[in-house]
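A.B. asks: This is final-v8.txt, which holds compact mmCIF, C-alpha atoms:
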# COMPACT_ATOMS: atom_id res chain seq x y z
CA MET A 1 0.00 0.00 0.00
CA GLN A 2 1.20 3.50 -0.83
CA THR A 3 -0.04 7.01 -0.05
CA LEU A 4 0.50 9.76 -2.64
CA ASN A 5 -0.32 13.46 -2.45
CA PHE A 6 -0.82 15.78 -5.40
CA GLU A 7 -1.90 19.38 -6.04
CA PHE A 8 -3.22 20.83 -9.27
CA PRO A 9 -4.39 24.33 -10.21
CA ALA A 10 -8.20 24.48 -10.17
CA ASP A 11 -10.66 27.38 -10.36
CA ARG A 12 -14.13 25.76 -10.52
CA PRO A 13 -15.81 25.33 -7.12
CA PRO A 14 -18.17 22.35 -6.95
CA ALA A 15 -21.76 22.83 -5.75
CA ARG A 16 -21.52 20.16 -3.06
CA ARG A 17 -19.53 17.19 -1.82
CA ALA A 18 -19.80 13.81 -3.53
CA HIS A 19 -19.04 10.17 -2.78
CA VAL A 20 -18.77 7.43 -5.41
CA GLY A 21 -17.33 3.95 -5.77
CA VAL A 22 -16.08 1.21 -3.49
CA ALA A 23 -12.53 0.24 -2.51
CA GLY A 24 -13.12 -3.19 -4.02
CA SER A 25 -10.95 -5.14 -6.44
CA GLY A 26 -10.34 -3.15 -9.63
CA ASP A 27 -12.34 -0.19 -8.35
CA LEU A 28 -11.83 2.80 -6.08
CA GLU A 29 -13.73 5.04 -3.71
CA VAL A 30 -13.72 8.81 -4.27
CA LEU A 31 -14.64 11.36 -1.61
CA MET A 32 -14.83 14.88 -2.93
CA THR A 33 -15.14 17.84 -0.54
CA PRO A 34 -15.39 21.49 -1.66
CA GLY A 35 -12.18 23.37 -0.82
CA PRO A 36 -10.52 26.76 -1.35
CA VAL A 37 -10.69 28.03 -4.93
CA GLY A 38 -7.40 27.83 -6.78
CA VAL A 39 -6.30 24.32 -5.96
CA ALA A 40 -7.36 20.70 -6.16
CA ARG A 41 -5.73 18.61 -3.45
CA VAL A 42 -5.64 14.86 -4.05
CA ARG A 43 -4.66 12.15 -1.61
CA VAL A 44 -4.38 8.69 -3.10
CA ARG A 45 -4.14 5.54 -1.01
CA THR A 46 -3.50 2.69 -3.41
CA SER A 47 -3.05 -1.03 -2.89
CA VAL A 48 -0.50 -1.16 -5.74
CA ASP A 49 2.95 0.34 -5.10
CA GLY A 50 5.18 2.03 -7.64
CA PHE A 51 2.72 3.73 -9.99
CA ASP A 52 3.46 7.33 -8.87
CA THR A 53 4.10 8.53 -12.41
CA VAL A 54 0.98 6.91 -13.83
CA TRP A 55 -1.15 8.51 -11.09
CA ARG A 56 0.40 11.93 -11.78
CA VAL A 57 -0.28 11.66 -15.51
CA VAL A 58 -3.87 10.40 -15.07
CA LEU A 59 -4.71 13.12 -12.53
CA GLU A 60 -2.95 15.88 -14.52
CA ARG A 61 -5.02 15.02 -17.57
CA PHE A 62 -8.24 14.94 -15.52
CA PHE A 63 -7.70 18.29 -13.80
CA ALA A 64 -6.64 19.94 -17.06
CA ARG A 65 -10.16 19.18 -18.32
CA HIS A 66 -12.05 19.50 -15.03
CA PRO A 67 -10.28 22.06 -12.82
CA VAL A 68 -12.56 21.42 -9.82
CA SER A 69 -11.30 23.13 -6.67
CA ALA A 70 -11.94 20.48 -4.07
CA GLY A 71 -10.26 17.98 -1.81
CA PHE A 72 -10.20 14.48 -3.34
CA GLU A 73 -9.61 11.38 -1.25
CA LEU A 74 -9.08 8.28 -3.34
CA ASN A 75 -9.11 4.83 -1.74
CA ASP A 76 -7.90 2.60 -4.55
CA ALA A 77 -7.93 -1.19 -4.82
CA GLY A 78 -6.09 -1.54 -8.10
CA ALA A 79 -8.34 0.39 -10.49
CA THR A 80 -7.06 0.90 -14.04
CA PRO A 81 -6.43 4.48 -15.28
CA GLY A 82 -9.69 4.28 -17.24
CA VAL A 83 -11.71 3.38 -14.14
CA VAL A 84 -9.98 6.14 -12.14
CA ALA A 85 -10.91 8.75 -14.78
CA LEU A 86 -14.52 7.51 -14.91
CA ARG A 87 -14.94 7.58 -11.12
CA LEU A 88 -13.51 11.12 -10.89
CA ARG A 89 -15.83 12.21 -13.68
CA GLN A 90 -18.75 10.57 -11.85
CA ALA A 91 -17.86 12.39 -8.61
CA VAL A 92 -17.73 15.74 -10.40
CA GLU A 93 -21.07 15.07 -12.12
CA GLU A 94 -22.69 14.04 -8.84
CA SER A 95 -21.42 17.21 -7.18
CA MET A 96 -23.28 19.25 -9.76
CA GLU A 97 -26.60 17.37 -9.66
CA GLU A 98 -29.61 19.14 -8.21
CA ASP A 99 -30.65 16.30 -5.91
CA GLY A 100 -27.36 15.41 -4.22
CA LYS A 101 -27.33 12.93 -1.35
CA MET B 1 -47.35 -14.77 -17.24
CA THR B 2 -44.14 -12.80 -17.06
CA SER B 3 -44.23 -9.16 -16.26
CA MET B 4 -43.97 -6.76 -19.16
CA THR B 5 -41.80 -4.40 -17.16
CA ALA B 6 -38.09 -5.04 -17.00
CA ARG B 7 -36.72 -6.30 -13.70
CA ALA B 8 -34.47 -3.97 -11.75
CA SER B 9 -31.61 -6.05 -10.38
CA PHE B 10 -30.97 -5.78 -6.64
CA ILE B 11 -27.75 -7.81 -6.83
CA GLU B 12 -26.11 -5.31 -9.18
CA LEU B 13 -26.55 -2.48 -6.64
CA ASP B 14 -23.90 -1.68 -4.06
CA ALA B 15 -24.83 -1.73 -0.37
CA ARG B 16 -25.75 1.96 -0.21
CA ALA B 17 -27.95 1.80 -3.32
CA ARG B 18 -29.61 -1.36 -1.95
CA ALA B 19 -30.52 0.37 1.31
CA PHE B 20 -31.88 3.45 -0.46
CA ALA B 21 -33.80 1.27 -2.97
CA LEU B 22 -35.65 -0.54 -0.15
CA LEU B 23 -36.77 2.56 1.73
CA ASP B 24 -39.72 4.81 0.90
CA GLY B 25 -38.65 7.62 -1.42
CA GLY B 26 -37.39 10.73 0.36
CA THR B 27 -37.28 9.13 3.82
CA ALA B 28 -33.77 7.68 3.77
CA ARG B 29 -31.07 9.29 5.91
CA GLU B 30 -27.63 7.76 6.21
CA LEU B 31 -25.98 7.63 9.64
CA CYS B 32 -22.24 7.47 10.14
CA GLY B 33 -21.69 7.94 6.41
CA PRO B 34 -18.53 8.18 4.29
CA PHE B 35 -17.86 11.82 5.18
CA ASP B 36 -17.80 10.98 8.88
CA ARG B 37 -14.70 8.99 7.91
CA ILE B 38 -15.08 6.39 10.62
CA GLU B 39 -12.78 3.91 8.95
CA SER B 40 -10.87 0.97 10.36
CA PRO B 41 -7.63 1.99 12.11
CA TRP B 42 -6.24 -1.55 11.69
CA LEU B 43 -6.04 -1.90 7.92
CA GLU B 44 -3.52 0.76 6.86
CA PRO B 45 -0.76 -0.52 9.20
CA GLN B 46 -1.26 -3.93 7.57
CA GLY B 47 -0.98 -2.53 4.05
CA VAL B 48 -4.68 -2.67 3.23
CA VAL B 49 -6.48 0.36 1.79
CA PRO B 50 -9.40 1.29 4.09
CA GLN B 51 -12.83 2.48 3.04
CA SER B 52 -14.44 5.62 4.47
CA ASP B 53 -17.52 3.75 5.80
CA ASP B 54 -15.61 0.55 6.67
CA GLY B 55 -17.93 -1.37 4.36
CA VAL B 56 -21.15 -0.97 6.35
CA VAL B 57 -23.97 1.37 5.41
CA VAL B 58 -26.55 2.37 8.04
CA VAL B 59 -29.67 4.14 6.78
CA ARG B 60 -32.68 5.24 8.82
CA GLY B 61 -35.99 5.74 7.05
CA LYS B 62 -39.46 4.39 6.48
CA LEU B 63 -40.58 1.23 4.74
CA ALA B 64 -44.27 1.27 3.82
CA GLY B 65 -44.59 4.04 6.40
CA ARG B 66 -42.96 2.05 9.21
CA ALA B 67 -39.77 3.25 10.93
CA VAL B 68 -36.82 0.99 10.08
CA VAL B 69 -33.07 1.01 10.04
CA VAL B 70 -31.47 -0.72 7.06
CA ILE B 71 -27.96 -2.02 7.65
CA GLY B 72 -26.13 -3.06 4.50
CA ILE B 73 -22.77 -4.84 4.23
CA GLU B 74 -20.75 -3.91 1.13
CA GLN B 75 -19.60 -7.17 -0.43
CA ALA B 76 -17.02 -5.51 -2.71
CA PHE B 77 -14.95 -4.18 0.21
CA GLN B 78 -12.83 -6.89 1.86
CA GLY B 79 -15.36 -9.56 0.88
CA GLY B 80 -17.92 -8.02 3.22
CA GLY B 81 -15.57 -8.88 6.09
CA ILE B 82 -16.59 -7.59 9.51
CA GLY B 83 -14.00 -5.61 11.45
CA GLU B 84 -14.10 -3.64 14.68
CA VAL B 85 -15.67 -0.52 13.20
CA SER B 86 -18.09 -2.16 10.76
CA GLY B 87 -19.24 -4.64 13.41
CA VAL B 88 -19.83 -1.92 15.99
CA LYS B 89 -21.79 0.09 13.42
CA ILE B 90 -24.15 -2.88 12.97
CA ALA B 91 -24.42 -3.62 16.69
CA THR B 92 -25.01 0.02 17.62
CA ALA B 93 -27.64 0.52 14.92
CA LEU B 94 -29.55 -2.53 16.24
CA SER B 95 -29.17 -1.37 19.85
CA LEU B 96 -30.42 2.12 19.04
CA ALA B 97 -33.43 0.60 17.24
CA ALA B 98 -34.15 -1.39 20.42
CA ARG B 99 -33.76 1.76 22.55
CA ASP B 100 -36.13 3.70 20.27
CA SER B 101 -38.60 0.80 20.33
CA ARG B 102 -38.61 0.78 24.13
CA ALA B 103 -39.03 4.56 24.14
CA GLY B 104 -42.24 4.34 22.15
CA VAL B 105 -40.85 4.68 18.62
CA PRO B 106 -41.05 1.10 17.28
CA THR B 107 -38.09 0.69 14.91
CA ALA B 108 -37.57 -2.54 12.97
CA ALA B 109 -34.32 -3.55 11.29
CA VAL B 110 -33.37 -4.94 7.90
CA LEU B 111 -29.95 -6.57 7.55
CA LEU B 112 -28.45 -6.90 4.06
CA LEU B 113 -26.05 -9.77 4.64
CA GLU B 114 -23.29 -10.19 2.06
CA THR B 115 -20.26 -11.23 4.04
CA GLY B 116 -17.54 -13.82 4.35
CA GLY B 117 -17.61 -13.31 8.12
CA VAL B 118 -14.93 -11.79 10.31
CA ARG B 119 -12.21 -9.83 8.54
CA LEU B 120 -8.95 -11.75 9.02
CA GLN B 121 -6.90 -8.56 9.58
CA GLU B 122 -9.00 -7.78 12.66
CA ALA B 123 -9.56 -11.35 13.79
CA ASN B 124 -10.22 -11.12 17.53
CA LEU B 125 -11.81 -7.66 17.43
CA GLY B 126 -14.01 -8.83 14.57
CA LEU B 127 -15.11 -11.90 16.53
CA ALA B 128 -15.89 -9.75 19.56
CA THR B 129 -18.01 -7.37 17.50
CA VAL B 130 -19.91 -10.24 15.87
CA ALA B 131 -20.84 -11.32 19.41
CA GLU B 132 -22.02 -7.75 20.03
CA VAL B 133 -24.05 -7.86 16.82
CA CYS B 134 -25.74 -11.09 17.96
CA ALA B 135 -26.42 -9.63 21.42
CA ALA B 136 -27.94 -6.46 19.94
CA LEU B 137 -30.04 -8.54 17.54
CA LEU B 138 -31.37 -10.57 20.46
CA GLU B 139 -32.11 -7.29 22.26
CA LEU B 140 -34.18 -5.97 19.35
CA ARG B 141 -35.98 -9.04 18.07
CA PRO B 142 -38.46 -9.47 20.98
CA LEU B 143 -39.51 -5.83 20.38
CA GLN B 144 -39.48 -5.51 16.60
CA PRO B 145 -38.80 -7.85 13.67
CA VAL B 146 -35.26 -8.10 12.28
CA ILE B 147 -35.45 -9.17 8.63
CA GLY B 148 -32.33 -10.62 7.02
CA VAL B 149 -31.87 -10.39 3.25
CA ILE B 150 -29.27 -12.52 1.45
CA ALA B 151 -29.48 -11.43 -2.17
CA GLY B 152 -26.04 -12.55 -3.39
CA MET B 153 -23.74 -12.86 -5.11
CA LEU B 154 -21.40 -13.24 -2.16
CA GLY B 155 -23.74 -14.85 0.32
CA CYS B 156 -23.54 -14.97 4.10
CA PHE B 157 -20.90 -17.03 5.87
CA GLY B 158 -18.83 -17.19 9.03
CA GLY B 159 -19.80 -15.39 12.21
CA MET B 160 -22.43 -13.31 10.47
CA SER B 161 -24.27 -16.49 9.41
CA ILE B 162 -24.99 -16.90 13.13
CA ALA B 163 -26.56 -13.43 13.10
CA ALA B 164 -28.53 -14.54 10.03
CA GLY B 165 -29.76 -17.56 11.99
CA LEU B 166 -31.00 -15.24 14.74
CA CYS B 167 -33.07 -13.07 12.38
CA THR B 168 -36.84 -13.07 12.74
CA GLU B 169 -37.12 -14.03 9.08
CA LEU B 170 -34.66 -14.63 6.26
CA ILE B 171 -35.29 -13.62 2.65
CA ILE B 172 -32.99 -15.17 0.06
CA THR B 173 -32.59 -15.36 -3.71
CA SER B 174 -31.54 -18.42 -5.75
CA GLU B 175 -28.21 -16.64 -6.21
CA GLY B 176 -27.80 -16.13 -2.45
CA ARG B 177 -25.92 -18.59 -0.26
CA LEU B 178 -25.95 -19.24 3.47
CA GLY B 179 -23.51 -21.36 5.43
CA LEU B 180 -21.44 -21.33 8.61
CA ASP B 181 -18.17 -22.24 6.91
CA GLY B 182 -17.72 -21.14 3.32
CA PRO B 183 -16.84 -23.76 0.69
CA GLN B 184 -13.17 -22.73 0.48
CA VAL B 185 -12.79 -22.81 4.25
CA ILE B 186 -14.19 -26.35 4.39
CA GLU B 187 -11.96 -27.46 1.53
CA SER B 188 -8.80 -25.99 3.06
CA GLU B 189 -9.59 -27.36 6.53
CA ALA B 190 -10.99 -30.81 5.70
CA GLY B 191 -9.73 -31.53 2.21
CA VAL B 192 -11.19 -31.59 -1.27
CA ALA B 193 -12.81 -34.98 -0.62
CA GLU B 194 -14.95 -33.34 2.06
CA PHE B 195 -16.01 -30.39 -0.06
CA ASP B 196 -14.86 -29.38 -3.54
CA ALA B 197 -14.99 -25.57 -3.56
CA SER B 198 -14.67 -25.50 -7.36
CA ASP B 199 -17.87 -27.56 -7.73
CA HIS B 200 -20.49 -24.83 -8.08
CA PRO B 201 -23.52 -27.16 -8.45
CA LEU B 202 -22.42 -28.85 -5.18
CA ILE B 203 -22.11 -25.47 -3.39
CA TRP B 204 -25.56 -24.34 -4.48
CA SER B 205 -27.09 -27.74 -3.72
CA ILE B 206 -26.06 -27.25 -0.08
CA ASP B 207 -25.69 -23.51 0.58
CA GLY B 208 -27.89 -22.12 -2.21
CA GLY B 209 -30.99 -20.06 -1.50
CA ALA B 210 -33.49 -22.53 -2.99
CA GLN B 211 -32.05 -25.40 -0.92
CA ARG B 212 -31.97 -23.30 2.26
CA ILE B 213 -35.69 -22.67 1.74
CA ARG B 214 -36.36 -26.41 1.19
CA THR B 215 -34.48 -27.32 4.37
CA GLY B 216 -36.30 -24.66 6.40
CA LEU B 217 -33.27 -22.52 7.21
CA ALA B 218 -34.60 -19.53 5.24
CA ASP B 219 -38.19 -18.37 4.83
CA THR B 220 -38.90 -16.53 1.58
CA LEU B 221 -37.38 -17.18 -1.85
CA VAL B 222 -37.41 -14.09 -4.06
CA PRO B 223 -36.16 -13.28 -7.56
CA ASP B 224 -33.34 -10.77 -8.01
CA ASP B 225 -35.67 -7.80 -8.32
CA VAL B 226 -35.83 -4.61 -6.27
CA ALA B 227 -39.64 -4.51 -6.16
CA ALA B 228 -39.96 -8.21 -5.23
CA ILE B 229 -37.38 -7.97 -2.45
CA ARG B 230 -38.94 -4.77 -1.10
CA ALA B 231 -42.38 -6.42 -1.12
CA ALA B 232 -41.02 -9.49 0.70
CA VAL B 233 -39.38 -7.29 3.36
CA ILE B 234 -42.63 -5.36 3.88
CA GLU B 235 -44.55 -8.66 4.24
CA GLY B 236 -42.01 -9.98 6.71
CA LEU B 237 -42.18 -6.80 8.79
CA GLY B 238 -45.98 -7.01 8.68
CA ARG B 239 -45.94 -10.46 10.32
CA GLY B 240 -44.37 -8.80 13.34
CA VAL B 241 -42.63 -10.54 16.21
CA PRO B 242 -43.34 -14.31 16.30
CA ALA B 243 -44.13 -16.28 19.45
CA ASP B 244 -40.92 -18.25 18.99
CA HIS B 245 -37.90 -17.87 16.75
CA ARG B 246 -36.20 -20.47 14.58
CA SER B 247 -33.05 -20.24 16.70
CA GLY B 248 -35.13 -21.36 19.68
CA TRP B 249 -36.10 -24.68 18.12
CA ILE B 250 -33.25 -26.45 19.86
CA ASP B 251 -34.90 -29.88 19.93
CA SER B 252 -35.88 -30.01 16.28
CA LEU B 253 -32.56 -28.57 15.10
CA GLY B 254 -30.72 -31.03 17.32
CA ALA B 255 -32.79 -33.87 15.87
CA LEU B 256 -31.79 -32.70 12.41
CA LEU B 257 -28.12 -33.03 13.35
CA ALA B 258 -28.70 -36.44 14.93
CA ALA B 259 -30.41 -37.68 11.76
CA VAL B 260 -27.29 -37.10 9.68
CA ASP B 261 -24.55 -39.72 9.73
CA PRO B 262 -21.28 -37.91 8.89
CA THR B 263 -19.63 -41.15 7.75
CA ASP B 264 -22.41 -41.66 5.21
CA PRO B 265 -23.72 -38.16 4.44
CA PRO B 266 -27.04 -37.84 2.60
CA GLU B 267 -27.16 -36.59 -0.98
CA PRO B 268 -28.07 -32.88 -1.20
CA ALA B 269 -31.35 -33.86 -2.90
CA ASP B 270 -32.30 -35.94 0.16
CA LEU B 271 -31.64 -33.17 2.71
CA PRO B 272 -35.12 -31.59 2.59
CA ALA B 273 -36.70 -34.98 3.40
CA ILE B 274 -34.87 -35.33 6.70
CA PRO B 275 -37.59 -35.11 9.35
CA SER B 276 -37.91 -32.55 12.12
CA LYS B 277 -37.89 -29.48 9.90
CA GLY B 278 -40.69 -27.21 10.99
CA ASP B 279 -42.00 -29.76 13.52
CA GLU B 280 -42.61 -26.97 15.94
CA ARG B 281 -43.99 -24.55 13.40
Using the file provided, produce a representation of the structure as structure tokens.
C.D. replies:
Amino acid sequence: MQTLNFEFPADRPPARRAHVGVAGSGDLEVLMTPGPVGVARVRVRTSVDGFDTVWRVVLERFFARHPVSAGFELNDAGATPGVVALRLRQAVEESMEEDGK
Amino acid sequence: MTSMTARASFIELDARARAFALLDGGTARELCGPFDRIESPWLEPQGVVPQSDDGVVVVRGKLAGRAVVVIGIEQAFQGGGIGEVSGVKIATALSLAARDSRAGVPTAAVLLLETGGVRLQEANLGLATVAEVCAALLELRPLQPVIGVIAGMLGCFGGMSIAAGLCTELIITSEGRLGLDGPQVIESEAGVAEFDASDHPLIWSIDGGAQRIRTGLADTLVPDDVAAIRAAVIEGLGRGVPADHRSGWIDSLGALLAAVDPTDPPEPADLPAIPSKGDER
């Protein structure tokens, strides 16, 4: 298991917090909490060690498209980059829905 | 005649979506949710990624207008394994329902049981909390019904199968399974000749939902459908608290054990015919 921390520039505040996914095999859990405008802070806890560069690239690409200023906590159980991008996208969409949980 | 409307699968939902799907629209309120971040403190030091709700979802709400707490175990996280935090969440939710019931707010419970039992990383703490779960269940069930639902695909095994056995009623699908020791545990402990965990027809002929109904260890067989499972839970709650519970039928359950010769075990197809089932019903 490995814990990674990242920061990316971000200027879009989300409407509300969001929670998606499960830390189950091949999947990940995402907790997204609104934070100060200007930065997206990401903490990744992953079951697979040694993929720092892949995480950085996947997250960089995501926040270039969706500069959401929030705190992101990712609890990862070996999700592929595609699944990670989809879950982040899902969290951002949920945070913009009218009827959030 | 088959229904013209498409079935909505219950099995494909995660624990949180299952709990919300059962409750009346707009009444569900999650307690101790992901953003409370009450996760297991024991997993990270052992190199296991924790989950923010420790794999148990507790939701208060109404079911057909009746106050209930739905407690769902997330099968995708650690195989639904019960640890210190997740076990205490279940036990406390049941205890609070009992407290509310005594205080004049009758609150029933629905347990969504998809679990391999105690989480190995928290072995002794997990066992202790399963005992607390059973104690809290026994506290609530004389006051209000506790309905267990085993929808699958994981099934209910280990310590939590004891909690399942204590439930007022058990609802199960054909995909659901119920057993004290899981197939792989039996195979690794007693050998492949005792139980072949790769033999799926064998597993379902013993632990499967349809067989558990035939042998009287579960009560209602339902299809994998949100509306059907919700209806079965409402019916079960409507029957209220029974005069005696299955787990109290010591004599008939003991007779069942005595009727089986372990050196010459019966074929799975012959199990339902073994007498004593429901003698006291």
A.B. asks: Which residue out of A:Met96, A:Met32, A:Ala15, A:Val37 has the minimum interatomic distance to chain B when only C-alpha atoms are used?
C.D. replies: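 Smallest separation from chain B among the options: A:Met32.
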A.B. asks: Kindly provide, as an MDAnalysis selection string, the residues of chain B having any atom no farther than 12 Å from an atom of chain A, counting all atoms listed in the file.
C.D. replies: chainID B and resid 13:17 20 26:30 33:37 39 43:57 73:81
A.B. asks: Could you check which of B:Pro268, B:Gly152, B:Gly65, B:Gly126 is closest to B:Leu202, using all atoms listed in the file?
C.D. replies: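 Result for the nearest residue to B:Leu202: B:Pro268.
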A.B. asks: Of the residues B:Leu256, B:Ala91, B:Ile147, B:Ala227, which is the one nearest to B:Arg18, using only C-alpha atoms?
C.D. replies: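 Counting only C-alpha atoms, the residue closest to B:Arg18 is B:Ala227.
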A.B. asks: Leaving out B:Val260 and any residue of its chain fewer than 2 positions from it, which residues lie within 12 Å of it when counting all atoms listed in the file, given as a list in words?
C.D. replies: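 Contacts, with the query itself left out: Leu253, Gly254, Ala255, Leu256, Leu257, Ala258, Pro262, Thr263, Asp264, Pro265, Pro266, Glu267, Pro268, Asp270, Leu271, Pro272, Ala273, Ile274, Pro275 and Ser276 of chain B.
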A.B. asks: For atom CA of B:Glu84 and atom CA of B:Gly159, quote the distance in Å rounded to one decimal.
C.D. replies: 13.3 Å
A.B. asks: Nearest residue to B:Leu138 out of B:Ile206, B:Leu125, B:Leu113, B:Ala98, using only C-alpha atoms?
C.D. replies: B:Ala98
A.B. asks: Taking all atoms listed in the file into account, which of B:Met153, B:Val105, B:Ile203, B:Val146 comes nearest B:Leu170?
C.D. replies: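 Ranked by minimum distance to B:Leu170, first place goes to B:Val146.
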A.B. asks: Can you tell me which residues surround A:Val68 at a distance of at most 7 Å, considering only C-alpha atoms, apart from same-chain residues fewer than 6 positions away, and format the answer as an mmCIF file with C-alpha atoms, in the frame of the given file?
C.D. replies:
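The resulting file, part05.cif, is shown below:
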data_model
loop_
_atom_site.group_PDB
_atom_site.id
_atom_site.type_symbol
_atom_site.label_atom_id
_atom_site.label_comp_id
_atom_site.auth_asym_id
_atom_site.auth_seq_id
_atom_site.Cartn_x
_atom_site.Cartn_y
_atom_site.Cartn_z
ATOM 1 C CA ALA A 10 -8.200 24.480 -10.170
ATOM 2 C CA ASP A 11 -10.660 27.380 -10.360
ATOM 3 C CA ARG A 12 -14.130 25.760 -10.520
ATOM 4 C CA PRO A 13 -15.810 25.330 -7.120
ATOM 5 C CA PRO A 14 -18.170 22.350 -6.950
ATOM 6 C CA ALA A 40 -7.360 20.700 -6.160
#
A.B. asks: Show me, as JSON, numbers by chain, the residues that have an atom within 8 Å of A:Phe6 when counting only C-alpha atoms, minus same-chain residues fewer than 4 positions from it.
C.D. replies: {"A": [41, 42, 43, 56]}
A.B. asks: May I have the residues from that selection written out with C-alpha atoms, as a compact mmCIF listing (two decimals), in the coordinates of the input?
C.D. replies:
# COMPACT_ATOMS: atom_id res chain seq x y z
CA ARG A 41 -5.73 18.61 -3.45
CA VAL A 42 -5.64 14.86 -4.05
CA ARG A 43 -4.66 12.15 -1.61
CA ARG A 56 0.40 11.93 -11.78
A.B. asks: Go through B:Ala210, B:Ala64, B:Ile162, B:Ile11 and flag the residue nearest B:Val130, using all atoms listed in the file for the distances.
C.D. replies: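 Distance minimum relative to B:Val130 lands on B:Ile162.
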A.B. asks: So what do you get for atom CA of B:Val233 versus atom CA of B:Leu23, distance-wise?
C.D. replies: 10.3 Å
